[in-house]
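Below is one structure, written out as structure tokens, with a few remarks after it.
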Amino acid sequence: MMATEEIRKILSTIPDPEIPVISLEELGMIRDVEVQENAIKITVTPTYSGCPAVGQIRDDIRTLLESKGYKNVEVELSYTPAWTTKMMTPGTLQKLKNYGIAPPQHCCGNELCVSGKCSKVICPQCNSRNTDLISEFGSTACKALYKCNDCYEPFEYFKPLV
Ligand SMILES: [Zn+2]
């Protein structure tokens, strides 16, 4: 196996600090893996600029690769092109839903939708569209808090970012 492939495989086991069922790789955050003569360079695109988890993500990548014998691991952040929720694969969206988080919808594409206030957010428990926004911010800034008017369950919505 090529070194870059092997490194990608190792990185695919690192969960997102805020959503443990999804890996950084599945979120589309690992942009590039470069094996240089004396160093390994990993380019990461943070999901949200100013995301408080960036420091932890950087540490997690370094610690894991170094524990597997890789030396001089550099983690570089790249903000261009910016990460968008469209980089998540359908499998990743399904995993989010199974975890109880409504996956980002790019349904109407209007301003409300993009700011996480789409009125048609689908409940991850019962698939109802009869839901209401409770708070623009959930446990983290990238999620909004909703409640379902059919099954009465509150849930978090991973806000679209495009
Ligand atoms: Zn529901």
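Convention: chains lettered A, B, ... in structure tokens order; per-chain residue numbering from 1; ligands numbered from 1 as shown.
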What are the closest atom pairs, with distances in Å to one decimal, for each residue of chain A lying within 6 Å of ligand 1, using only C-alpha atoms and all ligand atoms, rows by chain and rising residue number, as JSON lines?
```
{"residue": "A:Cys123", "atom": "CA", "partner": "ligand 1", "partner_atom_place_in_ligand_line": "1 (Zn)", "distance": 4.6}
{"residue": "A:Gln125", "atom": "CA", "partner": "ligand 1", "partner_atom_place_in_ligand_line": "1 (Zn)", "distance": 5.0}
{"residue": "A:Cys126", "atom": "CA", "partner": "ligand 1", "partner_atom_place_in_ligand_line": "1 (Zn)", "distance": 4.1}
{"residue": "A:Asn127", "atom": "CA", "partner": "ligand 1", "partner_atom_place_in_ligand_line": "1 (Zn)", "distance": 6.0}
{"residue": "A:Ser128", "atom": "CA", "partner": "ligand 1", "partner_atom_place_in_ligand_line": "1 (Zn)", "distance": 5.3}
{"residue": "A:Cys148", "atom": "CA", "partner": "ligand 1", "partner_atom_place_in_ligand_line": "1 (Zn)", "distance": 4.6}
{"residue": "A:Asp150", "atom": "CA", "partner": "ligand 1", "partner_atom_place_in_ligand_line": "1 (Zn)", "distance": 5.2}
{"residue": "A:Cys151", "atom": "CA", "partner": "ligand 1", "partner_atom_place_in_ligand_line": "1 (Zn)", "distance": 4.1}
{"residue": "A:Glu153", "atom": "CA", "partner": "ligand 1", "partner_atom_place_in_ligand_line": "1 (Zn)", "distance": 5.9}
```
Writer output for current selection, N, CA and C atoms, as a short mmCIF file (atom, residue, chain, number, x, y, z; two decimals), in the first residue's frame:
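Final output, part10.cif:
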```
data_model
loop_
_atom_site.label_atom_id
_atom_site.label_comp_id
_atom_site.auth_asym_id
_atom_site.auth_seq_id
_atom_site.Cartn_x
_atom_site.Cartn_y
_atom_site.Cartn_z
N CYS A 123 -37.56 15.98 10.48
CA CYS A 123 -37.26 15.33 11.77
C CYS A 123 -36.51 14.01 11.52
N GLN A 125 -36.21 11.58 13.47
CA GLN A 125 -36.88 10.44 14.11
C GLN A 125 -38.05 9.91 13.28
N CYS A 126 -38.93 10.83 12.83
CA CYS A 126 -40.15 10.37 12.18
C CYS A 126 -40.32 10.92 10.76
N ASN A 127 -39.32 11.64 10.26
CA ASN A 127 -39.34 12.18 8.90
C ASN A 127 -40.42 13.23 8.64
N SER A 128 -41.00 13.77 9.71
CA SER A 128 -42.00 14.80 9.53
C SER A 128 -41.33 16.12 9.15
N CYS A 148 -39.90 18.69 16.90
CA CYS A 148 -40.82 18.08 15.96
C CYS A 148 -42.23 18.18 16.54
N ASP A 150 -44.78 16.49 15.45
CA ASP A 150 -45.49 15.23 15.30
C ASP A 150 -45.06 14.20 16.34
N CYS A 151 -43.75 14.03 16.52
CA CYS A 151 -43.32 13.05 17.53
C CYS A 151 -42.86 13.74 18.82
N GLU A 153 -40.29 15.20 19.62
CA GLU A 153 -38.88 15.08 20.02
C GLU A 153 -38.12 16.33 19.60
#
```
Leaving out A:Ser78 and any residue of its chain fewer than 4 positions from it, which residues lie within 12 Å of it when counting only C-alpha atoms, given as a PDB file with all heavy atoms, in the first residue's frame?
```
ATOM      1  N   MET A  29     -12.928  16.688   5.449  1.00  0.00           N
ATOM      2  CA  MET A  29     -11.995  17.676   5.998  1.00  0.00           C
ATOM      3  C   MET A  29     -10.533  17.408   5.656  1.00  0.00           C
ATOM      4  O   MET A  29      -9.708  18.305   5.720  1.00  0.00           O
ATOM      5  CB  MET A  29     -12.121  17.734   7.523  1.00  0.00           C
ATOM      6  CG  MET A  29     -13.397  18.399   7.987  1.00  0.00           C
ATOM      7  SD  MET A  29     -13.594  18.254   9.771  1.00  0.00           S
ATOM      8  CE  MET A  29     -12.318  19.361  10.340  1.00  0.00           C
ATOM      9  N   ILE A  30     -10.203  16.138   5.334  1.00  0.00           N
ATOM     10  CA  ILE A  30      -8.813  15.817   5.007  1.00  0.00           C
ATOM     11  C   ILE A  30      -8.612  16.130   3.528  1.00  0.00           C
ATOM     12  O   ILE A  30      -9.022  15.371   2.654  1.00  0.00           O
ATOM     13  CB  ILE A  30      -8.492  14.322   5.271  1.00  0.00           C
ATOM     14  CG1 ILE A  30      -8.923  13.896   6.678  1.00  0.00           C
ATOM     15  CG2 ILE A  30      -7.003  14.046   5.015  1.00  0.00           C
ATOM     16  CD1 ILE A  30      -8.114  14.462   7.805  1.00  0.00           C
ATOM     17  N   ARG A  31      -8.014  17.252   3.262  1.00  0.00           N
ATOM     18  CA  ARG A  31      -7.923  17.691   1.880  1.00  0.00           C
ATOM     19  C   ARG A  31      -6.738  17.084   1.152  1.00  0.00           C
ATOM     20  O   ARG A  31      -6.832  16.723  -0.012  1.00  0.00           O
ATOM     21  CB  ARG A  31      -7.834  19.219   1.836  1.00  0.00           C
ATOM     22  CG  ARG A  31      -7.855  19.750   0.436  1.00  0.00           C
ATOM     23  CD  ARG A  31      -8.643  21.016   0.332  1.00  0.00           C
ATOM     24  NE  ARG A  31     -10.065  20.797   0.445  1.00  0.00           N
ATOM     25  CZ  ARG A  31     -10.940  21.786   0.556  1.00  0.00           C
ATOM     26  NH1 ARG A  31     -10.552  23.014   0.599  1.00  0.00           N
ATOM     27  NH2 ARG A  31     -12.222  21.527   0.635  1.00  0.00           N
ATOM     28  N   ASP A  32      -5.615  16.954   1.847  1.00  0.00           N
ATOM     29  CA  ASP A  32      -4.438  16.442   1.158  1.00  0.00           C
ATOM     30  C   ASP A  32      -3.490  15.740   2.124  1.00  0.00           C
ATOM     31  O   ASP A  32      -3.378  16.122   3.281  1.00  0.00           O
ATOM     32  CB  ASP A  32      -3.711  17.604   0.462  1.00  0.00           C
ATOM     33  CG  ASP A  32      -2.707  17.101  -0.568  1.00  0.00           C
ATOM     34  OD1 ASP A  32      -2.974  16.050  -1.189  1.00  0.00           O
ATOM     35  OD2 ASP A  32      -1.656  17.732  -0.727  1.00  0.00           O
ATOM     36  N   ILE A  42      -0.186  17.056   6.313  1.00  0.00           N
ATOM     37  CA  ILE A  42      -1.620  16.805   6.190  1.00  0.00           C
ATOM     38  C   ILE A  42      -2.314  18.164   6.060  1.00  0.00           C
ATOM     39  O   ILE A  42      -2.125  19.040   6.906  1.00  0.00           O
ATOM     40  CB  ILE A  42      -2.181  16.100   7.449  1.00  0.00           C
ATOM     41  CG1 ILE A  42      -1.312  14.919   7.884  1.00  0.00           C
ATOM     42  CG2 ILE A  42      -3.639  15.687   7.240  1.00  0.00           C
ATOM     43  CD1 ILE A  42      -1.292  13.752   6.950  1.00  0.00           C
ATOM     44  N   THR A  43      -3.084  18.322   5.009  1.00  0.00           N
ATOM     45  CA  THR A  43      -3.827  19.572   4.849  1.00  0.00           C
ATOM     46  C   THR A  43      -5.278  19.347   5.231  1.00  0.00           C
ATOM     47  O   THR A  43      -5.940  18.443   4.714  1.00  0.00           O
ATOM     48  CB  THR A  43      -3.730  20.088   3.401  1.00  0.00           C
ATOM     49  OG1 THR A  43      -2.350  20.155   3.049  1.00  0.00           O
ATOM     50  CG2 THR A  43      -4.352  21.471   3.271  1.00  0.00           C
ATOM     51  N   VAL A  44      -5.731  20.141   6.170  1.00  0.00           N
ATOM     52  CA  VAL A  44      -7.069  19.988   6.724  1.00  0.00           C
ATOM     53  C   VAL A  44      -7.868  21.266   6.462  1.00  0.00           C
ATOM     54  O   VAL A  44      -7.352  22.368   6.642  1.00  0.00           O
ATOM     55  CB  VAL A  44      -6.982  19.740   8.250  1.00  0.00           C
ATOM     56  CG1 VAL A  44      -8.355  19.801   8.901  1.00  0.00           C
ATOM     57  CG2 VAL A  44      -6.316  18.408   8.533  1.00  0.00           C
ATOM     58  N   THR A  45      -9.106  21.090   6.041  1.00  0.00           N
ATOM     59  CA  THR A  45      -9.992  22.244   5.901  1.00  0.00           C
ATOM     60  C   THR A  45     -11.014  22.197   7.020  1.00  0.00           C
ATOM     61  O   THR A  45     -11.825  21.274   7.071  1.00  0.00           O
ATOM     62  CB  THR A  45     -10.702  22.237   4.533  1.00  0.00           C
ATOM     63  OG1 THR A  45      -9.701  22.375   3.524  1.00  0.00           O
ATOM     64  CG2 THR A  45     -11.676  23.388   4.416  1.00  0.00           C
ATOM     65  N   PRO A  46     -10.937  23.136   7.953  1.00  0.00           N
ATOM     66  CA  PRO A  46     -11.913  23.136   9.052  1.00  0.00           C
ATOM     67  C   PRO A  46     -13.322  23.331   8.510  1.00  0.00           C
ATOM     68  O   PRO A  46     -13.516  24.012   7.500  1.00  0.00           O
ATOM     69  CB  PRO A  46     -11.491  24.332   9.908  1.00  0.00           C
ATOM     70  CG  PRO A  46     -10.078  24.621   9.515  1.00  0.00           C
ATOM     71  CD  PRO A  46      -9.974  24.234   8.077  1.00  0.00           C
ATOM     72  N   THR A  47     -14.280  22.717   9.194  1.00  0.00           N
ATOM     73  CA  THR A  47     -15.658  22.808   8.725  1.00  0.00           C
ATOM     74  C   THR A  47     -16.155  24.243   8.833  1.00  0.00           C
ATOM     75  O   THR A  47     -16.597  24.819   7.853  1.00  0.00           O
ATOM     76  CB  THR A  47     -16.573  21.878   9.534  1.00  0.00           C
ATOM     77  OG1 THR A  47     -16.312  22.090  10.920  1.00  0.00           O
ATOM     78  CG2 THR A  47     -16.308  20.445   9.185  1.00  0.00           C
ATOM     79  N   TYR A  48     -16.062  24.800  10.010  1.00  0.00           N
ATOM     80  CA  TYR A  48     -16.507  26.170  10.182  1.00  0.00           C
ATOM     81  C   TYR A  48     -15.304  26.995  10.591  1.00  0.00           C
ATOM     82  O   TYR A  48     -14.560  26.589  11.468  1.00  0.00           O
ATOM     83  CB  TYR A  48     -17.587  26.257  11.262  1.00  0.00           C
ATOM     84  CG  TYR A  48     -18.898  25.686  10.797  1.00  0.00           C
ATOM     85  CD1 TYR A  48     -19.095  24.316  10.749  1.00  0.00           C
ATOM     86  CD2 TYR A  48     -19.916  26.522  10.369  1.00  0.00           C
ATOM     87  CE1 TYR A  48     -20.285  23.786  10.295  1.00  0.00           C
ATOM     88  CE2 TYR A  48     -21.107  25.998   9.918  1.00  0.00           C
ATOM     89  CZ  TYR A  48     -21.295  24.637   9.882  1.00  0.00           C
ATOM     90  OH  TYR A  48     -22.458  24.115   9.424  1.00  0.00           O
ATOM     91  N   SER A  49     -15.105  28.134   9.942  1.00  0.00           N
ATOM     92  CA  SER A  49     -13.972  28.950  10.346  1.00  0.00           C
ATOM     93  C   SER A  49     -14.240  29.422  11.772  1.00  0.00           C
ATOM     94  O   SER A  49     -15.364  29.760  12.127  1.00  0.00           O
ATOM     95  CB  SER A  49     -13.780  30.130   9.400  1.00  0.00           C
ATOM     96  OG  SER A  49     -14.979  30.813   9.237  1.00  0.00           O
ATOM     97  N   VAL A  54     -10.694  22.975  16.145  1.00  0.00           N
ATOM     98  CA  VAL A  54      -9.546  22.881  15.243  1.00  0.00           C
ATOM     99  C   VAL A  54      -8.266  22.450  15.958  1.00  0.00           C
ATOM    100  O   VAL A  54      -7.531  21.597  15.475  1.00  0.00           O
ATOM    101  CB  VAL A  54      -9.338  24.227  14.494  1.00  0.00           C
ATOM    102  CG1 VAL A  54      -7.950  24.311  13.894  1.00  0.00           C
ATOM    103  CG2 VAL A  54     -10.383  24.366  13.396  1.00  0.00           C
ATOM    104  N   ALA A  82     -13.220  26.887   0.591  1.00  0.00           N
ATOM    105  CA  ALA A  82     -13.846  26.668   1.889  1.00  0.00           C
ATOM    106  C   ALA A  82     -14.638  25.358   1.910  1.00  0.00           C
ATOM    107  O   ALA A  82     -15.136  24.904   0.893  1.00  0.00           O
ATOM    108  CB  ALA A  82     -14.771  27.833   2.222  1.00  0.00           C
ATOM    109  N   TRP A  83     -14.695  24.794   3.094  1.00  0.00           N
ATOM    110  CA  TRP A  83     -15.487  23.579   3.286  1.00  0.00           C
ATOM    111  C   TRP A  83     -16.971  23.920   3.176  1.00  0.00           C
ATOM    112  O   TRP A  83     -17.413  24.977   3.616  1.00  0.00           O
ATOM    113  CB  TRP A  83     -15.181  23.017   4.683  1.00  0.00           C
ATOM    114  CG  TRP A  83     -15.896  21.733   4.976  1.00  0.00           C
ATOM    115  CD1 TRP A  83     -15.490  20.471   4.641  1.00  0.00           C
ATOM    116  CD2 TRP A  83     -17.137  21.583   5.677  1.00  0.00           C
ATOM    117  NE1 TRP A  83     -16.407  19.555   5.087  1.00  0.00           N
ATOM    118  CE2 TRP A  83     -17.422  20.203   5.716  1.00  0.00           C
ATOM    119  CE3 TRP A  83     -18.037  22.474   6.261  1.00  0.00           C
ATOM    120  CZ2 TRP A  83     -18.556  19.688   6.327  1.00  0.00           C
ATOM    121  CZ3 TRP A  83     -19.182  21.973   6.863  1.00  0.00           C
ATOM    122  CH2 TRP A  83     -19.437  20.595   6.895  1.00  0.00           C
TER     123      TRP A  83
END
```
Using DSSP on the backbone coordinates, identify the residues of chain A assigned to alpha helix (DSSP H); present them as a PDB file with C-alpha atoms, in the first residue's frame.
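Everything below was put into selection.pdb:
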```pdb
ATOM      1  CA  ALA A   3       2.209   5.528   2.213  1.00  0.00           C
ATOM      2  CA  THR A   4      -0.374   8.194   1.417  1.00  0.00           C
ATOM      3  CA  GLU A   5      -3.135   5.576   1.215  1.00  0.00           C
ATOM      4  CA  GLU A   6      -2.036   4.044   4.466  1.00  0.00           C
ATOM      5  CA  ILE A   7      -2.040   7.441   6.144  1.00  0.00           C
ATOM      6  CA  ARG A   8      -5.500   8.198   4.772  1.00  0.00           C
ATOM      7  CA  LYS A   9      -6.708   4.895   6.153  1.00  0.00           C
ATOM      8  CA  ILE A  10      -5.330   5.753   9.585  1.00  0.00           C
ATOM      9  CA  LEU A  11      -6.870   9.221   9.418  1.00  0.00           C
ATOM     10  CA  LEU A  24     -12.894  13.784   9.676  1.00  0.00           C
ATOM     11  CA  GLU A  25     -12.449  11.934   6.392  1.00  0.00           C
ATOM     12  CA  GLU A  26     -16.206  11.417   5.983  1.00  0.00           C
ATOM     13  CA  LEU A  27     -16.808  15.097   6.581  1.00  0.00           C
ATOM     14  CA  VAL A  54      -9.546  22.881  15.243  1.00  0.00           C
ATOM     15  CA  GLY A  55      -6.816  22.682  17.900  1.00  0.00           C
ATOM     16  CA  GLN A  56      -8.033  19.284  19.031  1.00  0.00           C
ATOM     17  CA  ILE A  57      -8.290  17.993  15.468  1.00  0.00           C
ATOM     18  CA  ARG A  58      -4.703  19.016  14.835  1.00  0.00           C
ATOM     19  CA  ASP A  59      -3.528  17.285  18.015  1.00  0.00           C
ATOM     20  CA  ASP A  60      -5.540  14.143  17.255  1.00  0.00           C
ATOM     21  CA  ILE A  61      -3.987  13.812  13.798  1.00  0.00           C
ATOM     22  CA  ARG A  62      -0.447  14.300  15.080  1.00  0.00           C
ATOM     23  CA  THR A  63      -0.828  12.023  18.072  1.00  0.00           C
ATOM     24  CA  LEU A  64      -2.354   9.185  16.090  1.00  0.00           C
ATOM     25  CA  LEU A  65       0.133   9.283  13.222  1.00  0.00           C
ATOM     26  CA  GLU A  66       3.077   9.550  15.603  1.00  0.00           C
ATOM     27  CA  SER A  67       1.779   6.568  17.565  1.00  0.00           C
ATOM     28  CA  PRO A  90     -24.847  10.509   1.127  1.00  0.00           C
ATOM     29  CA  GLY A  91     -23.517   7.813   3.488  1.00  0.00           C
ATOM     30  CA  THR A  92     -22.318  10.480   5.887  1.00  0.00           C
ATOM     31  CA  LEU A  93     -25.678  12.235   5.802  1.00  0.00           C
ATOM     32  CA  GLN A  94     -27.386   8.948   6.610  1.00  0.00           C
ATOM     33  CA  LYS A  95     -25.031   8.346   9.544  1.00  0.00           C
ATOM     34  CA  LEU A  96     -25.871  11.749  10.956  1.00  0.00           C
ATOM     35  CA  LYS A  97     -29.565  10.977  10.685  1.00  0.00           C
ATOM     36  CA  ASN A  98     -29.130   7.587  12.378  1.00  0.00           C
ATOM     37  CA  GLU A 111     -31.134  32.500   2.734  1.00  0.00           C
ATOM     38  CA  LEU A 112     -33.287  30.949   5.436  1.00  0.00           C
ATOM     39  CA  CYS A 113     -32.191  27.495   4.448  1.00  0.00           C
ATOM     40  CA  VAL A 114     -28.515  28.419   4.493  1.00  0.00           C
TER      41      VAL A 114
END
```
Step one, run DSSP on the backbone; step two, keep only residues of stretch 81-148 of chain A assigned to strand (DSSP E or B); then write them as a PDB file with N, CA, C and O atoms, in the first residue's frame.
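The result, stored in part-v7.pdb:
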```pdb
ATOM      1  N   ILE A 101     -29.214  13.381  14.432  1.00  0.00           N
ATOM      2  CA  ILE A 101     -29.007  14.764  14.000  1.00  0.00           C
ATOM      3  C   ILE A 101     -29.564  14.902  12.589  1.00  0.00           C
ATOM      4  O   ILE A 101     -29.235  14.108  11.703  1.00  0.00           O
ATOM      5  N   ALA A 102     -30.446  15.901  12.393  1.00  0.00           N
ATOM      6  CA  ALA A 102     -30.973  16.117  11.045  1.00  0.00           C
ATOM      7  C   ALA A 102     -29.826  16.573  10.145  1.00  0.00           C
ATOM      8  O   ALA A 102     -29.152  17.551  10.457  1.00  0.00           O
ATOM      9  N   THR A 131     -41.890  20.811  11.697  1.00  0.00           N
ATOM     10  CA  THR A 131     -40.899  21.071  12.742  1.00  0.00           C
ATOM     11  C   THR A 131     -40.719  22.577  12.920  1.00  0.00           C
ATOM     12  O   THR A 131     -40.980  23.339  11.997  1.00  0.00           O
ATOM     13  N   ASP A 132     -40.283  22.959  14.083  1.00  0.00           N
ATOM     14  CA  ASP A 132     -40.050  24.384  14.360  1.00  0.00           C
ATOM     15  C   ASP A 132     -38.661  24.618  14.932  1.00  0.00           C
ATOM     16  O   ASP A 132     -38.172  23.821  15.738  1.00  0.00           O
ATOM     17  N   LEU A 133     -38.094  25.743  14.533  1.00  0.00           N
ATOM     18  CA  LEU A 133     -36.818  26.154  15.093  1.00  0.00           C
ATOM     19  C   LEU A 133     -37.024  26.627  16.527  1.00  0.00           C
ATOM     20  O   LEU A 133     -37.921  27.412  16.806  1.00  0.00           O
ATOM     21  N   ILE A 134     -36.204  26.106  17.436  1.00  0.00           N
ATOM     22  CA  ILE A 134     -36.249  26.571  18.831  1.00  0.00           C
ATOM     23  C   ILE A 134     -35.130  27.573  19.062  1.00  0.00           C
ATOM     24  O   ILE A 134     -35.318  28.611  19.665  1.00  0.00           O
ATOM     25  N   SER A 135     -33.930  27.208  18.580  1.00  0.00           N
ATOM     26  CA  SER A 135     -32.779  28.076  18.785  1.00  0.00           C
ATOM     27  C   SER A 135     -31.828  27.940  17.610  1.00  0.00           C
ATOM     28  O   SER A 135     -31.625  26.834  17.099  1.00  0.00           O
ATOM     29  N   LYS A 143     -24.790  23.755  14.720  1.00  0.00           N
ATOM     30  CA  LYS A 143     -26.092  23.092  14.734  1.00  0.00           C
ATOM     31  C   LYS A 143     -27.157  24.020  15.315  1.00  0.00           C
ATOM     32  O   LYS A 143     -26.867  24.878  16.131  1.00  0.00           O
ATOM     33  N   ALA A 144     -28.379  23.821  14.845  1.00  0.00           N
ATOM     34  CA  ALA A 144     -29.517  24.569  15.388  1.00  0.00           C
ATOM     35  C   ALA A 144     -30.416  23.581  16.120  1.00  0.00           C
ATOM     36  O   ALA A 144     -30.388  22.378  15.852  1.00  0.00           O
ATOM     37  N   LEU A 145     -31.197  24.105  17.042  1.00  0.00           N
ATOM     38  CA  LEU A 145     -32.086  23.239  17.808  1.00  0.00           C
ATOM     39  C   LEU A 145     -33.515  23.354  17.274  1.00  0.00           C
ATOM     40  O   LEU A 145     -34.030  24.457  17.113  1.00  0.00           O
ATOM     41  N   TYR A 146     -34.120  22.199  17.004  1.00  0.00           N
ATOM     42  CA  TYR A 146     -35.479  22.149  16.481  1.00  0.00           C
ATOM     43  C   TYR A 146     -36.346  21.279  17.363  1.00  0.00           C
ATOM     44  O   TYR A 146     -35.847  20.482  18.156  1.00  0.00           O
ATOM     45  N   LYS A 147     -37.664  21.419  17.186  1.00  0.00           N
ATOM     46  CA  LYS A 147     -38.546  20.427  17.798  1.00  0.00           C
ATOM     47  C   LYS A 147     -39.525  19.945  16.735  1.00  0.00           C
ATOM     48  O   LYS A 147     -39.857  20.661  15.799  1.00  0.00           O
ATOM     49  N   CYS A 148     -39.898  18.690  16.902  1.00  0.00           N
ATOM     50  CA  CYS A 148     -40.824  18.081  15.958  1.00  0.00           C
ATOM     51  C   CYS A 148     -42.231  18.185  16.541  1.00  0.00           C
ATOM     52  O   CYS A 148     -42.457  17.867  17.709  1.00  0.00           O
TER      53      CYS A 148
END
```
Next on the checklist: For a test of reading the model, state the distance in Å between atom CA of A:Ala39 and atom CA of A:Asn72, rounded to one decimal.
Outcome noted: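 So the two atoms, atom CA of A:Ala39 and atom CA of A:Asn72, lie 4.8 Å apart.
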Checklist outcome for this item: Taken to one decimal, the atom CA of A:Phe155-atom CA of A:Pro104 distance is 12.8 Å
